[in-house]
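Here's the structure, in structure tokens; my notes come after.
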Protein chains: 10
Amino acid sequence: MTETILAAKKAQGVSWAALSEAVGMSEMYIASCVYGENSMLPQYATKLCKALSLSPEVGATLAEYPMKGQSLRQTIPTDPLIYRFYEIMQVYGVAAKDVVQEKFGDGIMSAIDFKIDVSKEVDPKGDRVVITMNGKFLPYKAW
Amino acid sequence: MTETILAAKKAQGVSWAALSEAVGMSEMYIASCVYGENSMLPQYATKLCKALSLSPEVGATLAEYPMKGQSLRQTIPTDPLIYRFYEIMQVYGVAAKDVVQEKFGDGIMSAIDFKIDVSKEVDPKGDRVVITMNGKFLPYKAW
Amino acid sequence: MTETILAAKKAQGVSWAALSEAVGMSEMYIASCVYGENSMLPQYATKLCKALSLSPEVGATLAEYPMKGQSLRQTIPTDPLIYRFYEIMQVYGVAAKDVVQEKFGDGIMSAIDFKIDVSKEVDPKGDRVVITMNGKFLPYKAW
Amino acid sequence: MTETILAAKKAQGVSWAALSEAVGMSEMYIASCVYGENSMLPQYATKLCKALSLSPEVGATLAEYPMKGQSLRQTIPTDPLIYRFYEIMQVYGVAAKDVVQEKFGDGIMSAIDFKIDVSKEVDPKGDRVVITMNGKFLPYKAW
Amino acid sequence: MTETILAAKKAQGVSWAALSEAVGMSEMYIASCVYGENSMLPQYATKLCKALSLSPEVGATLAEYPMKGQSLRQTIPTDPLIYRFYEIMQVYGVAAKDVVQEKFGDGIMSAIDFKIDVSKEVDPKGDRVVITMNGKFLPYKAW
Amino acid sequence: MTETILAAKKAQGVSWAALSEAVGMSEMYIASCVYGENSMLPQYATKLCKALSLSPEVGATLAEYPMKGQSLRQTIPTDPLIYRFYEIMQVYGVAAKDVVQEKFGDGIMSAIDFKIDVSKEVDPKGDRVVITMNGKFLPYKAW
Amino acid sequence: MTETILAAKKAQGVSWAALSEAVGMSEMYIASCVYGENSMLPQYATKLCKALSLSPEVGATLAEYPMKGQSLRQTIPTDPLIYRFYEIMQVYGVAAKDVVQEKFGDGIMSAIDFKIDVSKEVDPKGDRVVITMNGKFLPYKAW
Amino acid sequence: MTETILAAKKAQGVSWAALSEAVGMSEMYIASCVYGENSMLPQYATKLCKALSLSPEVGATLAEYPMKGQSLRQTIPTDPLIYRFYEIMQVYGVAAKDVVQEKFGDGIMSAIDFKIDVSKEVDPKGDRVVITMNGKFLPYKAW
Amino acid sequence: MTETILAAKKAQGVSWAALSEAVGMSEMYIASCVYGENSMLPQYATKLCKALSLSPEVGATLAEYPMKGQSLRQTIPTDPLIYRFYEIMQVYGVAAKDVVQEKFGDGIMSAIDFKIDVSKEVDPKGDRVVITMNGKFLPYKAW
Amino acid sequence: MTETILAAKKAQGVSWAALSEAVGMSEMYIASCVYGENSMLPQYATKLCKALSLSPEVGATLAEYPMKGQSLRQTIPTDPLIYRFYEIMQVYGVAAKDVVQEKFGDGIMSAIDFKIDVSKEVDPKGDRVVITMNGKFLPYKAW
């Protein structure tokens, strides 16, 4: 499925931004579905298939619940762009835990009730990538 | 150094936000220095030491260039809050690479010319953790 | 802290069940705090210290937010009792994912908004260990 | 075999609960057989094949003794739902060992003379996943 | 504890065989307790301490339920004698699974309801080590 | 080769014990050859092929010297039956080293001049698996 | 793509140096593109294809942004030539960090805004390989 | 030794460049000795100790042949500056092998008969780190 | 290539010793080329192909510079014969480093300017395998 | 023990060769005992202690049977001299297996009934390290 959609997307020169408009979902969510990491409700999958003139079978696969974490296939990624996320976790992870828990109490940021977006900040000294993660705080509760 | 500062911070009930005001740097940057992952210019280190009534030796250590990535000490973190960053990389890393490179071209988001902030979004259905990463786009150049 | 409490508990012959009564929390939650994997509100920590005649410093440590996942210190545990949880995950993990997601939709069982209990089922052919996990279902939501 | 059965189950819209009724075994046990982690007596395999209109060869494979632990294929799972079992073992494994052994003596919960079930607890604040493990206590005996 | 007992055993020139007689348990079981891998009922621990003129504290530690699998501290052992067990598992493990399951059905040899003994077979071409493992067969049962 | 022989063995309902009689070698040795972990002299391979009506090519492959340790394909096995051998090594390996070396001196049990057998001990409380390893003691010699 | 280009290059006896002239880029950059580790602007890809009489599809693949770090496929390389880079990092990495940071301040050498070249230094005692890395210094900036 | 020298170097504000002049060896070689990765002839060690007013014992340790590769202590380094060398090996290693072997024949760049230097290239768009490796080509010879 | 040559060698019953005579190189060097770990000059490859009646394409592949270390495909080998080399390194590696460096100074035995041979020493108590490694000593030189 | 002996050996300027003469064992065997990888009969240990004026306690430790493979402490060694043994195993291991087994039949070279020696071959083009391994061939025997 991933290859079929990416091939169609490339052949037709359609961007993630254009797919976002056509489907009514964010770029990152659609991309994560295409890479087999999230599922889409059938009505969205249908729109995506229509936008790229793909068969309904592709849409059916997009609606299935995937086994997640299979797209990367590496414990520590070697691709420099993806590795930087690993580096950020190594360098800033402990600090982030402390700052989050000071602001919210004992608990975590959900990676399920969660969204992530990528945008471009134009800057004369060199454009900047801005990644925003937004996840529900889940407090530990004693029992 | 890390333990000395954290102990003083806790004993005096000073928050990262208060240190941010006192020092004139962001919470996350200060915390990353305290956990031995970044260095501070001496003038900032001095302010931090003053705010927590710590000796100048502590400040000198804060100004050294650290061996980074030593605070976590795990290839795959077991702490649930920190692990979620690993999970996000596994689930969204490939999608993020594609979306970033479609918007910017072949290159990466710098983790050096980079800042990261943590804030709280109040929400009646449960407050949300918002993490914003902002890194310079570095294009690959042929030679 | 862990060693202090375990030594006091053993010296005084106090069971987890008795601590549960004294503190007003479940056995497993208290044990997880003692092993440095959860935090207790100060009022509970005080009760625990009183029950075992421990100093307030111990209680203060019990109330801190710990770096979790440090008690086991092994990627794959070698202790047979703990290893069996790993084995269960290897043997039944994929089936559990499928059954959970068929019943609930795409999402996960929270390990944060979560409780776990251990009880004994008396059986003439050999008593049985019953472990009950109860976690909130967290659905993936598109954005 | 796994793919054949899952494809038939999906095409015919049959749930694990319906298969449980048709075969006379629990949902989780059937699912674990379908994923190649347990074997079924031929009479049960026959019922499963009849329920899904599958050939007897599929049933013969269901009755073989499988090489277990092959369905997950990861030392530490990346799928968030399955990873949470790993996290629970990291966070609660040592506490569970202590509580089990205090209640039962030196020994373990069997993962062979064992059953596991998944059920839904309806809750207005969000439904909950309830997983119950029930394994025979096996005491260590000196010799 | 391990070092104390081994030092006393060596200083007094007592063999495992002599300890076996004095305590009334097998050599291997006693050795496994001394290395912190099994627990002994207090009456046996007392005999062991008497045989080696050790303090009762040592006996109390022998009676505790240990965290097992800590004596080796290597995923793949480097000591040639111990590595050979790993090699036997690599070379004969799959064959042993097949032969055991053909003789007994789907299930395993318990490593809990289990004993292991080491003896010497005198042979003019070179003495032989004979290791006998005896574990209860545990059948998988459907539910 | 492995699959061909196992398929023939299953189709004809021949047990390892029957093959042992037909070939004149032990069950475990034959099984280890079939799984590609040992080689058979041509005269034995011929008998095996005759017993299962297999072509001489299969026999020729059985007589080759295999690259060993390829049948398991896992550093730590996930199959519960095979894992128990790993667990036994973790729990009893250090004790076995000590007992063997006390009885024999500094050296090891050979895994090459070695045999391993599996038998069933009938027991009203549950049959027992008995595994006997018999390896030549190889002493370290100084030079 | 990699195999197609390497086969054509070998069949036609074209060196990296000749390709460098034909394409107008350095040997190492072209080689890194051919091994799927960098992308080429279409005009360069076209020249490369013309020089080797390859179809435009190959050129289109050369212009795609690759998933990097896939050509080596080993955490620690076993090929002696490539391993030496790993050894150099192990032996000289910490020293290089100290010398770089003393000369430049806290920061790193970019591996993105970066070039690497290989040349031969003729020497009567044995020719020498000279590898020159040239990367922009990226300073850490506080925020 | 490492800590003693680094502390003296820092307290006295001596740079690697100044040590290079005082000792008559390159900065990188001296730094590698200080970090315990190379040995120095006694006459050089004496000069280094004199330059930093250190005792002769330090010099004696500098002249010992060290167990190399102990300064980094990580299979994949987490420090960003050092990690970039790992990334360069992942991204450019296969290309470098091909280019080196095309220029020199089948063989490797020695990491023993080898030198490495770090210098600064001033650049108005941002200074650049230049690392030069120079190792003897060692050809494979048949026998 | 490897399989083609090994199949021809086996079908024609040609030994490594016979190939050594026919080609004019040592057994071990030829075998290492056949397993894809070394390259042969074309004139030798031609002789090898003639000796085994193989096509010139096979010879061309033998003359290519291989990616080395691919024939074993295991970090720690499971085959007992090959594992013993790993064991020897674990048991004797540190001693060998000390003895070599005492005899030669700081440096290493080259594995490139290197030969290795295998011979048989007939012995009435059991024949012995003699492996001789001969590598140029490469001294570290300061710069 | 290791450090005591090495310190005495260094302080007194005694070489392994001199110890070999004094003790009547080979250099490599003595060195392996000193590094805790082999045991010495008490009469030899006494000679070693006399030669270095060490106390009898050191000799007693030399006579104990050690847990082997502890001196290196790395799965893949980072020291270049020791790593080369690993590289030789990766590059020549499969070839050595084939050549050994063609000469001897199915079996292995013992690493227990084994000796290893290091000598220097003077060569005007650079001295050479010669390492000779001599191990009994152990044939696999069927049963």
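Numbering starts fresh at 1 for the residues of each chain in the structure tokens, the chains themselves are lettered A, B, ... in the order given, and ligands are numbered from 1 as they appear.
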Open item on the list: Among range 9-74 of chain J, which ones does DSSP assign to alpha helix (DSSP H) (computed from the backbone)? Answer as a PyMOL selection string.
Closed with: chain J and resi 9-11+16-23+27-34+42-52+56-62
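Residue-level contact on chain A: within 6 Å of chain B, counting only C-alpha atoms, the set is Ala31, Ser32, Glu37, Gly69, Leu81, Ile82, Gln90, Val91, Gly93, Ala95, Ile108, Met109, Asp127, Arg128, Val129, Val130, Ile131, Thr132, Met133, Asn134, Gly135, Lys136 and Phe137 of chain A.
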Write the selection just made, keeping N, CA and C atoms, as a tab-separated table (two decimals), in the first residue's frame?
```tsv
chain	number	residue	atom	x	y	z
A	31	ALA	N	0.35	11.42	6.22
A	31	ALA	CA	1.62	10.76	5.92
A	31	ALA	C	1.83	9.55	6.82
A	32	SER	N	1.47	9.68	8.11
A	32	SER	CA	1.67	8.54	9.01
A	32	SER	C	0.78	7.36	8.61
A	37	GLU	N	1.43	3.66	9.77
A	37	GLU	CA	1.57	3.87	11.20
A	37	GLU	C	0.28	4.35	11.86
A	69	GLY	N	5.13	1.07	14.35
A	69	GLY	CA	6.57	1.07	14.60
A	69	GLY	C	7.34	0.18	13.65
A	81	LEU	N	18.20	12.89	9.41
A	81	LEU	CA	17.03	13.66	9.84
A	81	LEU	C	16.31	12.95	10.98
A	82	ILE	N	16.11	11.65	10.83
A	82	ILE	CA	15.38	10.91	11.86
A	82	ILE	C	16.25	10.73	13.10
A	90	GLN	N	18.06	11.94	23.65
A	90	GLN	CA	19.22	11.68	24.51
A	90	GLN	C	19.66	12.95	25.25
A	91	VAL	N	19.64	14.08	24.55
A	91	VAL	CA	20.19	15.30	25.12
A	91	VAL	C	19.16	16.02	25.99
A	93	GLY	N	15.90	14.68	26.89
A	93	GLY	CA	14.84	13.85	27.47
A	93	GLY	C	14.70	14.00	28.98
A	95	ALA	N	15.77	16.44	30.90
A	95	ALA	CA	15.32	17.81	31.23
A	95	ALA	C	13.83	17.96	30.95
A	108	ILE	N	2.59	11.68	32.35
A	108	ILE	CA	3.30	11.73	31.08
A	108	ILE	C	2.51	12.50	30.04
A	109	MET	N	3.17	12.83	28.94
A	109	MET	CA	2.48	13.34	27.75
A	109	MET	C	2.06	12.13	26.93
A	127	ASP	N	15.89	29.25	6.78
A	127	ASP	CA	14.56	28.86	7.25
A	127	ASP	C	14.68	27.83	8.36
A	128	ARG	N	13.61	27.76	9.15
A	128	ARG	CA	13.65	26.88	10.32
A	128	ARG	C	12.48	25.89	10.26
A	129	VAL	N	12.77	24.69	10.74
A	129	VAL	CA	11.74	23.65	10.86
A	129	VAL	C	11.13	23.78	12.25
A	130	VAL	N	9.83	23.86	12.29
A	130	VAL	CA	9.15	23.93	13.58
A	130	VAL	C	8.27	22.70	13.72
A	131	ILE	N	8.52	21.94	14.74
A	131	ILE	CA	7.74	20.72	15.00
A	131	ILE	C	7.01	20.92	16.31
A	132	THR	N	5.70	20.77	16.27
A	132	THR	CA	4.90	20.97	17.47
A	132	THR	C	4.23	19.67	17.84
A	133	MET	N	4.48	19.23	19.06
A	133	MET	CA	3.83	18.03	19.59
A	133	MET	C	2.83	18.49	20.63
A	134	ASN	N	1.68	17.87	20.62
A	134	ASN	CA	0.62	18.28	21.52
A	134	ASN	C	-0.06	17.00	22.00
A	135	GLY	N	0.19	16.65	23.27
A	135	GLY	CA	-0.37	15.40	23.80
A	135	GLY	C	-1.03	15.63	25.13
A	136	LYS	N	-2.08	14.91	25.37
A	136	LYS	CA	-2.81	15.05	26.63
A	136	LYS	C	-1.91	14.64	27.79
A	137	PHE	N	-1.96	15.41	28.86
A	137	PHE	CA	-1.23	14.99	30.06
A	137	PHE	C	-2.02	13.89	30.74
```
- [ ] Tell me which protein, DNA and RNA residues are within 12 Å of Lys10 in chain F, counting only C-alpha atoms, leaving out same-chain ones fewer than 5 positions away, and put them as a ChimeraX atom specification.
- [x] /D:60-61,64 /E:102 /F:3-5,15-16,52
- [ ] May I ask for the distance between CA of Ala142 in chain H and CA of Leu48 in chain I, given in Å to one decimal place?
- [x] 14.2 Å
- [ ] Determine which residues of chain D receive a DSSP assignment of strand (DSSP E or B), computed from the backbone, and state them as an MDAnalysis selection string.
- [x] chainID D and resid 107:121 128:139
TODO: Could you tell me how far CA of Met40 in chain D lies from CA of Ala63 in chain D, in Å and to one decimal?
DONE: 4.8 Å
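Note that the spacing between CA of Val14 in chain B and CA of Cys49 in chain C amounts to 26.5 Å.
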